[in-house]
$ cat protein20.txt   # compact mmCIF, C-alpha atoms
# COMPACT_ATOMS: atom_id res chain seq x y z
CA MET S 1 5.67 25.31 -1.71
CA TYR S 2 2.64 25.15 -4.00
CA GLN S 3 -0.71 25.89 -2.35
CA TYR S 4 -4.20 25.20 -3.65
CA ASN S 5 -6.62 27.49 -1.86
CA ARG S 6 -9.98 26.32 -3.16
CA ARG S 7 -12.51 25.62 -0.36
CA GLY S 8 -14.82 22.61 -0.37
CA PRO S 9 -14.29 19.17 -1.89
CA LYS S 10 -11.09 19.07 -3.96
CA ARG S 11 -9.72 16.49 -6.38
CA GLY S 12 -6.69 14.32 -5.80
CA VAL S 13 -5.29 10.89 -6.66
CA ALA S 14 -4.12 8.03 -4.44
CA LEU S 15 -0.95 6.61 -5.99
CA TYR S 16 -2.14 3.18 -4.85
CA SER S 17 -4.14 3.25 -8.10
CA TYR S 18 -0.88 2.81 -10.05
CA SER S 19 0.13 -0.35 -8.14
CA ALA S 20 0.36 -2.51 -11.26
CA GLU S 21 2.54 0.03 -13.10
CA PHE S 22 4.65 1.83 -10.49
CA GLY S 23 8.32 0.90 -10.75
CA LEU S 24 7.72 -1.06 -13.95
CA THR S 25 6.26 1.28 -16.58
CA LYS S 26 5.67 4.42 -14.49
CA SER S 27 8.10 6.43 -12.40
CA LEU S 28 7.10 8.66 -9.50
CA GLU S 29 7.48 11.72 -11.74
CA GLU S 30 5.21 10.19 -14.41
CA CYS S 31 2.52 9.62 -11.75
CA PHE S 32 2.80 13.31 -10.77
CA GLU S 33 2.51 14.40 -14.40
CA ASP S 34 -0.54 12.17 -14.93
CA ILE S 35 -2.26 13.83 -11.93
CA CYS S 36 -1.33 17.25 -13.32
CA ASP S 37 -2.91 16.27 -16.67
CA MET S 38 -6.18 15.66 -14.80
CA GLY S 39 -6.06 19.13 -13.26
CA ALA S 40 -6.06 17.55 -9.80
CA HIS S 41 -3.94 19.06 -7.01
CA GLY S 42 -3.91 16.47 -4.24
CA ILE S 43 -1.83 13.33 -3.81
CA GLU S 44 -1.79 10.36 -1.47
CA ILE S 45 1.31 8.21 -1.34
CA LEU S 46 1.92 4.92 0.39
CA ALA S 47 4.96 5.48 2.56
CA ASN S 48 6.20 1.89 2.20
CA THR S 49 5.88 2.03 -1.60
CA HIS S 50 6.63 5.47 -2.93
CA ILE S 51 9.36 6.79 -0.61
CA GLU S 52 12.80 5.72 -1.77
CA ASN S 53 14.79 4.17 1.11
CA TYR S 54 11.72 4.23 3.38
CA PRO S 55 11.70 4.70 6.35
CA TYR S 56 14.95 6.69 6.09
CA PRO S 57 14.93 8.69 2.81
CA THR S 58 17.93 10.85 1.98
CA ASP S 59 17.76 14.65 2.02
CA ALA S 60 18.35 14.54 -1.75
CA TRP S 61 15.21 12.45 -2.22
CA VAL S 62 13.19 14.80 0.00
CA ASP S 63 14.41 17.76 -2.13
CA LYS S 64 13.29 15.87 -5.25
CA TRP S 65 9.87 15.27 -3.64
CA PHE S 66 9.30 19.01 -3.09
CA ARG S 67 10.59 19.80 -6.61
CA LEU S 68 7.96 17.44 -8.05
CA CYS S 69 5.19 18.99 -5.92
CA ASP S 70 6.13 22.48 -7.15
CA LYS S 71 6.62 21.51 -10.80
CA TYR S 72 3.25 19.73 -11.08
CA GLU S 73 1.32 21.97 -8.62
CA ILE S 74 0.59 19.11 -6.23
CA VAL S 75 -0.22 19.35 -2.52
CA PRO S 76 0.98 16.47 -0.28
CA VAL S 77 -2.40 15.52 1.17
CA GLU S 78 -2.38 12.05 2.66
CA TYR S 79 0.49 9.83 3.77
CA GLY S 80 -0.57 6.18 3.79
CA ASN S 81 1.04 4.21 6.60
CA TRP S 82 0.44 0.99 8.48
CA ILE S 83 0.66 0.18 12.16
CA ASP S 84 2.35 -3.16 11.56
CA SER S 85 1.85 -4.73 14.98
CA TYR S 86 2.28 -8.21 13.48
CA VAL S 87 5.49 -7.33 11.63
CA LEU S 88 7.38 -10.01 13.57
CA GLY S 89 4.93 -12.82 12.89
CA GLY S 90 5.89 -14.75 16.02
CA ARG S 91 4.66 -12.18 18.51
CA GLU S 92 2.58 -8.99 18.48
CA LEU S 93 4.50 -5.76 19.06
CA THR S 94 3.91 -4.04 22.40
CA ALA S 95 1.93 -0.77 22.33
CA GLU S 96 5.22 1.07 22.95
CA GLU S 97 6.93 -0.61 19.99
CA SER S 98 3.96 0.08 17.67
CA GLY S 99 3.82 3.64 19.01
CA GLU S 100 7.50 4.21 18.14
CA MET S 101 6.91 2.92 14.62
CA LEU S 102 3.92 5.23 14.28
CA LYS S 103 5.89 8.24 15.54
CA ARG S 104 8.60 7.54 12.98
CA ASP S 105 5.92 7.75 10.26
CA ILE S 106 4.44 10.94 11.75
CA ARG S 107 7.84 12.65 11.65
CA LEU S 108 8.43 11.49 8.08
CA ALA S 109 4.95 12.59 6.94
CA HIS S 110 5.67 16.03 8.40
CA ARG S 111 9.10 16.16 6.74
CA LEU S 112 7.38 15.60 3.37
CA GLY S 113 4.76 18.31 3.96
CA PHE S 114 1.74 16.09 4.68
CA SER S 115 -1.02 17.00 7.14
CA VAL S 116 -3.16 13.84 7.07
CA MET S 117 -2.16 10.22 7.50
CA ARG S 118 -4.20 7.21 6.46
CA THR S 119 -3.23 5.12 9.45
CA LYS S 120 -4.08 1.51 8.75
CA MET S 121 -4.85 -0.44 11.90
CA PRO S 122 -3.68 -4.01 12.43
CA VAL S 123 -6.75 -6.25 12.54
CA ILE S 124 -7.79 -9.19 14.68
CA SER S 125 -10.93 -10.51 12.98
CA ASP S 126 -12.68 -11.12 9.65
CA ASP S 127 -14.77 -7.97 10.11
CA LEU S 128 -11.57 -5.92 10.38
CA ALA S 129 -11.81 -5.04 14.11
CA PRO S 130 -8.60 -3.23 15.15
CA VAL S 131 -6.16 -4.60 17.75
CA SER S 132 -7.47 -4.22 21.30
CA ASN S 133 -4.67 -1.81 22.31
CA TRP S 134 -5.24 0.68 19.45
CA ARG S 135 -6.22 3.46 21.88
CA LYS S 136 -2.97 3.07 23.79
CA ILE S 137 -0.91 3.10 20.56
CA ILE S 138 -2.65 6.25 19.31
CA ARG S 139 -2.36 7.98 22.71
CA LEU S 140 1.39 7.34 22.72
CA ALA S 141 1.70 9.03 19.31
CA LEU S 142 -0.77 11.91 19.86
CA PRO S 143 1.69 14.43 21.39
CA THR S 144 4.02 14.03 18.37
CA ALA S 145 1.12 14.31 15.91
CA GLU S 146 -0.31 17.38 17.69
CA LYS S 147 3.06 19.11 17.78
CA LEU S 148 3.60 18.51 14.04
CA GLY S 149 0.02 19.22 12.93
CA ILE S 150 -0.63 15.71 11.66
CA ARG S 151 -4.07 14.05 11.66
CA MET S 152 -4.06 10.25 11.85
CA CYS S 153 -7.10 8.75 10.16
CA PRO S 154 -8.07 5.10 10.09
CA GLU S 155 -9.79 4.22 6.83
CA ILE S 156 -13.46 3.22 7.04
CA HIS S 157 -13.80 0.70 4.24
CA THR S 158 -16.36 -1.90 3.15
CA PRO S 159 -17.71 -4.06 4.81
CA THR S 160 -17.56 -1.62 7.78
CA ASN S 161 -20.68 0.54 8.19
CA LEU S 162 -20.61 4.24 9.13
CA LYS S 163 -23.13 3.47 11.88
CA SER S 164 -21.09 0.59 13.30
CA ARG S 165 -19.65 0.20 16.79
CA MET S 166 -16.16 0.51 15.26
CA VAL S 167 -16.83 4.02 13.92
CA ALA S 168 -18.61 5.01 17.16
CA ASP S 169 -15.53 3.86 19.12
CA TYR S 170 -13.28 6.10 17.01
CA VAL S 171 -15.62 9.07 17.46
CA ASP S 172 -15.83 8.46 21.23
CA PHE S 173 -12.04 8.44 21.37
CA ILE S 174 -11.86 11.80 19.54
CA GLU S 175 -14.45 13.28 21.91
CA GLU S 176 -12.69 11.92 25.00
CA THR S 177 -9.26 13.19 24.00
CA LYS S 178 -10.56 16.41 22.37
CA THR S 179 -7.84 15.86 19.81
CA LYS S 180 -7.64 17.32 16.31
CA SER S 181 -4.91 14.81 15.48
CA PHE S 182 -7.10 11.75 15.09
CA GLY S 183 -10.02 11.51 12.65
CA LEU S 184 -11.51 9.45 9.87
CA ASN S 185 -10.85 8.71 6.21
CA ILE S 186 -14.07 7.52 4.59
CA ASP S 187 -13.69 5.13 1.68
CA PHE S 188 -16.65 5.48 -0.71
CA SER S 189 -16.89 1.69 -0.98
CA VAL S 190 -19.27 2.01 2.02
CA PHE S 191 -21.86 3.60 -0.34
CA ARG S 192 -21.82 0.91 -3.01
CA THR S 193 -25.40 0.07 -4.01
CA LYS S 194 -25.02 -2.34 -6.94
CA PHE S 195 -23.22 -5.63 -7.45
CA GLY S 196 -22.92 -7.30 -10.83
CA GLU S 197 -22.90 -11.00 -11.51
CA GLY S 198 -19.68 -12.49 -10.19
CA ASP S 199 -18.89 -9.42 -8.02
CA TYR S 200 -17.99 -10.38 -4.47
CA ARG S 201 -20.41 -9.04 -1.86
CA ASP S 202 -19.33 -9.45 1.76
CA PRO S 203 -22.16 -11.06 3.77
CA ASN S 204 -21.60 -8.44 6.54
CA TYR S 205 -22.04 -5.50 4.13
CA THR S 206 -24.99 -3.07 4.31
CA PRO S 207 -24.74 0.03 2.09
CA ASN S 208 -24.70 3.45 3.74
CA GLU S 209 -26.77 6.38 2.52
CA PRO S 210 -24.79 9.50 1.57
CA ARG S 211 -26.57 11.38 4.38
CA ASP S 212 -24.97 9.01 6.93
CA LEU S 213 -21.85 11.13 6.40
CA ILE S 214 -23.40 14.23 7.99
CA PRO S 215 -22.82 13.48 11.71
CA LEU S 216 -19.26 12.36 10.94
CA LEU S 217 -18.20 15.36 8.82
CA PRO S 218 -16.39 17.21 11.66
CA TYR S 219 -14.09 14.19 12.06
CA ILE S 220 -13.44 13.48 8.38
CA TYR S 221 -10.16 14.93 7.16
CA CYS S 222 -9.91 13.04 3.90
CA CYS S 223 -11.90 10.69 1.67
CA HIS S 224 -10.89 7.80 -0.52
CA ALA S 225 -12.93 8.44 -3.64
CA LYS S 226 -13.25 4.74 -4.36
CA PHE S 227 -14.70 3.94 -7.77
CA ILE S 228 -15.47 0.62 -9.34
CA HIS S 229 -17.40 0.93 -12.63
CA MET S 230 -16.95 4.07 -14.77
CA SER S 231 -19.24 4.13 -17.80
CA ASP S 232 -18.14 5.55 -21.15
CA ASP S 233 -20.28 8.61 -20.50
CA PHE S 234 -18.31 9.28 -17.31
CA GLU S 235 -20.70 8.11 -14.60
CA GLU S 236 -19.91 5.80 -11.70
CA THR S 237 -22.66 3.21 -12.02
CA VAL S 238 -22.51 1.50 -8.59
CA ILE S 239 -21.67 4.34 -6.15
CA PRO S 240 -23.99 7.41 -5.88
CA TYR S 241 -21.33 10.09 -6.44
CA LYS S 242 -23.72 12.90 -7.29
CA GLU S 243 -25.48 12.58 -3.93
CA ILE S 244 -22.25 12.08 -1.95
CA ILE S 245 -20.62 15.21 -3.38
CA LYS S 246 -23.85 17.17 -2.84
CA VAL S 247 -23.80 16.25 0.89
CA LEU S 248 -20.17 17.35 1.15
CA LYS S 249 -20.83 20.66 -0.64
CA ASP S 250 -24.10 21.43 1.18
CA HIS S 251 -22.34 21.05 4.54
CA GLN S 252 -19.26 23.07 3.54
CA TRP S 253 -16.93 20.14 4.02
CA ASP S 254 -13.41 21.14 3.08
CA GLY S 255 -10.95 18.45 2.04
CA TYR S 256 -9.66 16.16 -0.66
CA LEU S 257 -11.35 13.32 -2.52
CA LEU S 258 -8.51 11.01 -3.47
CA SER S 259 -9.33 8.73 -6.41
CA GLU S 260 -8.52 5.17 -5.55
CA TYR S 261 -8.96 2.46 -8.16
CA GLU S 262 -8.94 -0.97 -6.55
CA GLY S 263 -10.21 -3.07 -9.50
CA ALA S 264 -8.11 -6.20 -9.96
CA ASP S 265 -8.26 -5.71 -13.76
CA LYS S 266 -5.62 -3.01 -13.41
CA TYR S 267 -3.15 -5.91 -13.29
CA ASP S 268 -4.27 -7.19 -16.71
CA GLU S 269 -1.73 -6.93 -19.50
CA GLY S 270 -2.23 -3.65 -21.34
CA TYR S 271 -4.64 -2.13 -18.80
CA GLU S 272 -4.21 1.67 -18.59
CA VAL S 273 -5.20 2.90 -15.14
CA GLY S 274 -4.41 6.50 -16.13
CA GLN S 275 -7.38 6.47 -18.51
CA THR S 276 -9.66 4.99 -15.84
CA LEU S 277 -8.57 7.75 -13.46
CA ARG S 278 -9.24 10.38 -16.13
CA LYS S 279 -12.80 9.13 -16.54
CA HIS S 280 -13.30 9.44 -12.80
CA HIS S 281 -11.90 12.97 -12.80
CA ILE S 282 -14.19 14.08 -15.62
CA MET S 283 -17.09 12.98 -13.41
CA MET S 284 -15.75 14.56 -10.21
CA LYS S 285 -14.95 17.80 -12.02
CA ASN S 286 -18.58 17.97 -13.21
CA TYR S 287 -20.03 17.40 -9.74
CA ILE S 288 -17.55 19.57 -7.83
CA GLY S 289 -17.68 22.31 -10.43
CA ASP S 290 -13.97 23.16 -10.28
CA MET W 1 12.83 -4.23 -14.09
CA GLU W 2 10.69 -6.91 -15.73
CA ARG W 3 7.07 -7.66 -14.79
CA GLN W 4 7.93 -11.30 -14.05
CA VAL W 5 8.97 -11.92 -10.45
CA ILE W 6 12.10 -13.89 -11.38
CA GLN W 7 14.20 -11.44 -13.38
CA SER W 8 16.27 -12.46 -16.42
CA VAL W 9 19.04 -10.02 -15.54
CA GLY W 10 21.19 -11.21 -12.63
CA PHE W 11 21.12 -14.95 -13.32
CA ARG W 12 24.72 -16.22 -13.32
CA ASN W 13 27.26 -18.36 -11.51
CA ILE W 14 29.13 -16.88 -8.53
CA LYS W 15 32.92 -17.01 -8.57
CA GLU W 16 34.94 -16.65 -5.39
CA ASP W 17 38.77 -16.64 -5.51
CA GLY W 18 38.68 -18.09 -8.99
CA ALA W 19 36.39 -21.01 -8.12
CA VAL W 20 32.67 -21.24 -8.95
CA THR W 21 30.92 -21.70 -5.59
CA GLY W 22 27.28 -21.22 -6.50
CA PHE W 23 24.80 -19.18 -8.51
CA GLN W 24 22.51 -16.21 -8.09
CA PHE W 25 19.25 -14.82 -9.48
CA LYS W 26 17.05 -11.83 -8.76
CA VAL W 27 13.41 -11.53 -7.71
CA ARG W 28 11.23 -8.46 -7.45
CA LEU W 29 8.57 -7.97 -4.78
CA PRO W 30 5.16 -8.44 -6.47
CA TYR W 31 3.26 -6.69 -3.61
CA TYR W 32 1.90 -3.13 -3.86
CA ARG W 33 3.97 -1.98 -0.89
CA GLY W 34 7.48 -2.64 0.39
CA ILE W 35 8.00 -4.88 3.41
CA PHE W 36 10.23 -5.11 6.48
CA LEU W 37 12.44 -8.19 6.31
CA SER W 38 10.65 -9.88 9.24
CA GLN W 39 7.48 -9.93 7.10
CA LEU W 40 9.16 -12.11 4.48
CA ARG W 41 8.47 -15.87 4.36
CA PRO W 42 11.12 -17.40 2.09
CA GLY W 43 10.37 -20.81 0.62
CA THR W 44 12.06 -23.61 -1.26
CA LEU W 45 13.96 -23.32 -4.55
CA PHE W 46 13.91 -25.94 -7.29
CA VAL W 47 16.38 -25.77 -10.18
CA ASP W 48 15.70 -28.48 -12.79
CA GLY W 49 14.00 -30.39 -9.97
CA GLU W 50 16.99 -30.16 -7.59
CA ARG W 51 15.85 -28.90 -4.20
CA PHE W 52 17.52 -26.05 -2.25
CA GLU W 53 16.28 -25.36 1.30
CA ARG W 54 15.47 -21.82 2.47
CA GLU W 55 18.30 -22.03 5.03
CA ASP W 56 20.81 -22.44 2.19
CA ILE W 57 19.75 -19.28 0.35
CA VAL W 58 21.17 -15.87 1.24
CA TRP W 59 19.11 -12.79 0.35
CA ASN W 60 20.95 -9.63 -0.65
CA ILE W 61 18.80 -6.54 -0.15
CA GLY W 62 20.12 -3.02 -0.59
CA GLY W 63 23.63 -4.44 -0.95
CA GLU W 64 23.60 -6.37 2.37
CA ASP W 65 23.48 -10.14 2.82
CA TYR W 66 20.84 -11.68 5.10
CA THR W 67 20.23 -15.28 6.09
CA CYS W 68 16.71 -16.57 6.53
CA GLU W 69 17.25 -16.55 10.31
CA GLU W 70 18.55 -12.97 10.38
CA MET W 71 15.53 -11.70 8.44
CA GLN W 72 13.04 -13.26 10.88
CA THR W 73 13.75 -10.64 13.58
CA ASP W 74 14.74 -7.67 11.39
CA ARG W 75 11.82 -5.24 11.48
CA ASN W 76 13.81 -2.15 10.49
CA THR W 77 15.39 -3.08 7.17
CA HIS W 78 12.96 -2.49 4.34
CA TRP W 79 12.72 -4.17 0.93
CA SER W 80 11.34 -1.83 -1.70
CA VAL W 81 9.02 -2.73 -4.58
CA THR W 82 11.32 -0.95 -7.02
CA ALA W 83 14.57 -2.84 -6.37
CA PRO W 84 14.94 -6.60 -6.88
CA ALA W 85 16.63 -8.75 -4.23
CA VAL W 86 19.58 -10.97 -5.18
CA LEU W 87 19.32 -14.58 -4.03
CA LYS W 88 22.64 -16.36 -3.61
CA VAL W 89 22.73 -20.14 -3.56
CA LYS W 90 25.72 -22.34 -2.64
CA LYS W 91 26.46 -25.08 -5.19
CA GLU W 92 29.97 -26.26 -5.86
CA GLY W 93 30.79 -25.76 -9.54
CA GLY W 94 27.59 -23.73 -10.06
CA LEU W 95 25.05 -24.45 -12.78
CA SER W 96 26.03 -25.88 -16.16
CA GLN W 97 25.95 -23.91 -19.39
CA GLY W 98 22.52 -23.93 -21.03
CA TRP W 99 18.84 -23.73 -20.03
CA HIS W 100 17.66 -24.06 -16.44
CA SER W 101 14.14 -24.17 -15.00
CA LEU W 102 13.83 -22.13 -11.83
CA LYS W 103 10.89 -22.49 -9.46
CA TYR W 104 10.86 -20.43 -6.28
CA GLY W 105 8.28 -19.55 -3.63
CA PHE W 106 8.13 -16.70 -1.15
CA CYS W 107 5.40 -14.63 0.49
CA PHE W 108 4.95 -12.07 3.26
CA THR W 109 2.68 -11.16 6.17
CA SER W 110 0.24 -8.20 6.32
CA SER W 111 -0.96 -6.89 9.69
CA TYR W 112 -4.16 -5.48 8.18
CA MET W 113 -5.40 -8.78 6.75
CA PRO W 114 -7.67 -11.03 8.84
CA PRO W 115 -5.69 -13.48 11.03
CA VAL W 116 -7.09 -16.50 9.16
CA VAL W 117 -5.26 -15.31 6.04
CA GLN W 118 -2.01 -14.86 8.00
CA GLU W 119 -2.03 -18.20 9.82
CA ASN W 120 -2.22 -20.23 6.62
CA LEU W 121 0.56 -18.51 4.70
CA ASN W 122 2.75 -21.00 2.87
CA PRO W 123 5.47 -19.71 0.55
CA ASP W 124 5.55 -22.98 -1.41
CA GLU W 125 1.82 -23.04 -2.15
CA GLU W 126 -0.60 -20.48 -3.54
CA ASN W 127 -3.12 -18.78 -1.25
CA PHE W 128 -6.64 -20.19 -1.44
CA VAL W 129 -7.72 -16.95 -3.14
CA PHE W 130 -5.39 -15.30 -5.64
CA MET W 131 -5.10 -11.53 -5.10
CA PRO W 132 -3.10 -9.84 -7.87
CA GLU W 133 -1.86 -7.06 -5.59
CA PHE W 134 -0.11 -9.73 -3.49
CA GLY W 135 1.27 -11.60 -6.51
CA HIS W 136 1.83 -15.36 -6.78
CA HIS W 137 3.76 -17.16 -4.08
CA VAL W 138 5.42 -19.60 -6.46
CA ASN W 139 7.05 -18.28 -9.62
CA GLU W 140 8.81 -20.09 -12.43
CA ARG W 141 11.13 -19.07 -15.22
CA ARG W 142 13.42 -20.75 -17.71
CA LEU W 143 16.73 -18.94 -18.16
CA LEU W 144 20.17 -19.46 -19.72
CA ILE W 145 23.57 -19.74 -18.06
CA VAL W 146 26.45 -18.80 -20.38
$ encode --input "protein20.txt" --output "structure tokens"
Amino acid sequence: MYQYNRRGPKRGVALYSYSAEFGLTKSLEECFEDICDMGAHGIEILANTHIENYPYPTDAWVDKWFRLCDKYEIVPVEYGNWIDSYVLGGRELTAEESGEMLKRDIRLAHRLGFSVMRTKMPVISDDLAPVSNWRKIIRLALPTAEKLGIRMCPEIHTPTNLKSRMVADYVDFIEETKTKSFGLNIDFSVFRTKFGEGDYRDPNYTPNEPRDLIPLLPYIYCCHAKFIHMSDDFEETVIPYKEIIKVLKDHQWDGYLLSEYEGADKYDEGYEVGQTLRKHHIMMKNYIGD
Amino acid sequence: MERQVIQSVGFRNIKEDGAVTGFQFKVRLPYYRGIFLSQLRPGTLFVDGERFEREDIVWNIGGEDYTCEEMQTDRNTHWSVTAPAVLKVKKEGGLSQGWHSLKYGFCFTSSYMPPVVQENLNPDEENFVFMPEFGHHVNERRLLIV
């Protein structure tokens, strides 16, 4: 299996970015080739989107997955999954039922060579607070994750703040359990400093400073390199990338920055997200120096 | 697969034992991730204004037929974003030759969205805010029966 041994921040792409094109004008292999064109070596998939016959792919599909990783020199970095506690609508799943669903994803992530999962929590409020039994669900899945070397990471995304109670609760849980199988995925939307006219700004949102990352670095196993406005001279104009990457480098953080383009314009007729991703990778390449 | 939710391929009358018993058409899932069948909220179908209730429409996913009721509790069968579902509708004699206007609504739940968004889901009406990665609830298309 292909290995990329560079230390420090590394470049990758979240296939979520291709949402408007995947299955219509882009195949899985074309997404891999696009990432290879950018000289990036990491990938994040969404289990429920990109795995054929999810949650029970065939061995033939799994073979194809590893062939693509080898051919395009791609490392399976992050497996995006959801704890779908409200999957039934009528009633919430019990912690045991959610735990079983989570363990099924852990085993599948491992089968596909992943080491980190972006584990999306079910939420109970407008400010995205997770279900009250999240600790129990995670505890039920921890032995499986520890045995298979998988790190489950909830995504910290705007409007959540890095200094919030929610993040402190996750850190307390990691300290209490002493686990290496639960951590954080930081989405760079938490650093957004500028909003244009007509841009939605959540009333609960306060921007974080890049240095707010420092105390959390030991728990961060992956980042969503969220970007919103790339200029034609390859700068992100609303998120301070230069400073963020400097913090990561100065503190010897080792992991992947997965480009995630969330702009709704990617659904516009004729929009080419591959070119938007390339702009972002020109910038990241400059700041990382790879 | 076409970008439109209602696909042009797959629209035809259904024949059983030599008799036309209904018609079928295909829809793709306009979400950015696949869903378990219990997440699906099927709505009402209108063909040239004629109303068909959700209970009278059978969904075929991955080659298996499911009624609306069966899907409600099925949290293991998954519908992928890359394969359209076939909707089968009972109608004696099927649809006549020529143009037909189809209008169909469906939507789905998401555990990671705030509860207020979930409680007000209605497959036959659009959400109060349109989010392209969730697609439109109600889709229309005009297609020909031969």
$ residues_around --input "protein20.txt" --residues "S:Leu68" --least-positions-apart "5" --cutoff "12 Å" --atoms "all atoms listed in the file" --output "MDAnalysis selection string"
chainID S and resid 1:2 27:33 35:36 43 61:63 73:76 112
$ residues_around --input "protein20.txt" --residues "W:Gln4" --least-positions-apart "6" --cutoff "10 Å" --atoms "only C-alpha atoms" --output "NGL selection string"
:W and (27-30 or 139-141)
$ residues_near_point --input "protein20.txt" --point "(-20.8, -10.5, 8.7)" --cutoff "10 Å" --atoms "only C-alpha atoms" --output "list of chain:residue names"
S:Asp126, S:Asp127, S:Pro159, S:Thr160, S:Asp202, S:Pro203, S:Asn204, S:Tyr205, S:Thr206
$ residues_around --input "protein20.txt" --residues "stretch 144-153 of chain S" --least-positions-apart "4" --cutoff "6 Å" --atoms "all atoms listed in the file" --output "number ranges by chain"
S: 115-119, 181-185
$ closest_residue --input "protein20.txt" --among "W:Leu45, W:Ala19, W:Leu40, W:Val86" --to "W:Gly62" --atoms "all atoms listed in the file"
W:Val86
$ atom_distance --input "protein20.txt" --atom1 "atom CA of S:Ile174" --atom2 "atom CA of S:Tyr86"
25.2 Å
$ atom_distance --input "protein20.txt" --atom1 "atom CA of S:Glu236" --atom2 "atom CA of S:Ile45"
23.7 Å
$ residues_around --input "protein20.txt" --residues "S:Ile137" --least-positions-apart "4" --cutoff "7 Å" --atoms "only C-alpha atoms" --output "PyMOL selection string"
chain S and resi 95-96+98-99+133+141
$ atom_distance --input "protein20.txt" --atom1 "atom CA of W:Cys107" --atom2 "atom CA of S:Pro130"
23.3 Å
$ closest_residue --input "protein20.txt" --among "S:Leu140, S:Ala60, S:Ile288, S:Val13" --to "S:Ala40" --atoms "all atoms listed in the file"
S:Val13
$ residues_around --input "protein20.txt" --residues "W:Tyr32" --least-positions-apart "3" --cutoff "7 Å" --atoms "only C-alpha atoms" --output "count of residues only"
4
$ interface_residues --input "protein20.txt" --of "chain W" --to "chain S" --cutoff "8 Å" --atoms "all atoms listed in the file" --output "list in words"
Met1, Glu2, Arg3, Tyr32, Arg33, Gly34, Ile35, Phe36, Ser38, Gln39, Gln72, Thr73, Arg75, His78, Ser80, Val81, Thr82, Thr109, Ser110, Ser111, Tyr112, Met113, Pro114, Pro115, Val116, Met131, Pro132 and Glu133 of chain W
$ axis_aligned_box --input "protein20.txt" --around "stretch 132-144 of chain W" --padding-each-side "6 Å" --output "lines of an AutoDock Vina configuration file"
center_x = 8.5
center_y = -13.9
center_z = -11.6
size_x = 35.3
size_y = 25.7
size_z = 28.2
$ closest_residue --input "protein20.txt" --among "S:Lys180, S:Arg211, S:His229, S:Lys163" --to "S:Asp199" --atoms "all atoms listed in the file"
S:His229
$ residues_near_point --input "protein20.txt" --point "(19.0, -23.3, -15.3)" --cutoff "7 Å" --atoms "all atoms listed in the file" --output "PDB file with C-alpha atoms, in the coordinates of the input"
ATOM      1  CA  VAL W  47      16.380 -25.770 -10.180  1.00  0.00           C
ATOM      2  CA  ASP W  48      15.700 -28.480 -12.790  1.00  0.00           C
ATOM      3  CA  LEU W  95      25.050 -24.450 -12.780  1.00  0.00           C
ATOM      4  CA  GLY W  98      22.520 -23.930 -21.030  1.00  0.00           C
ATOM      5  CA  TRP W  99      18.840 -23.730 -20.030  1.00  0.00           C
ATOM      6  CA  HIS W 100      17.660 -24.060 -16.440  1.00  0.00           C
ATOM      7  CA  SER W 101      14.140 -24.170 -15.000  1.00  0.00           C
ATOM      8  CA  LEU W 102      13.830 -22.130 -11.830  1.00  0.00           C
ATOM      9  CA  ARG W 142      13.420 -20.750 -17.710  1.00  0.00           C
ATOM     10  CA  LEU W 143      16.730 -18.940 -18.160  1.00  0.00           C
ATOM     11  CA  LEU W 144      20.170 -19.460 -19.720  1.00  0.00           C
ATOM     12  CA  ILE W 145      23.570 -19.740 -18.060  1.00  0.00           C
TER      13      ILE W 145
END
$ closest_residue --input "protein20.txt" --among "W:Met71, W:Ile61, W:Val89, W:Val129" --to "W:Arg12" --atoms "only C-alpha atoms"
W:Val89
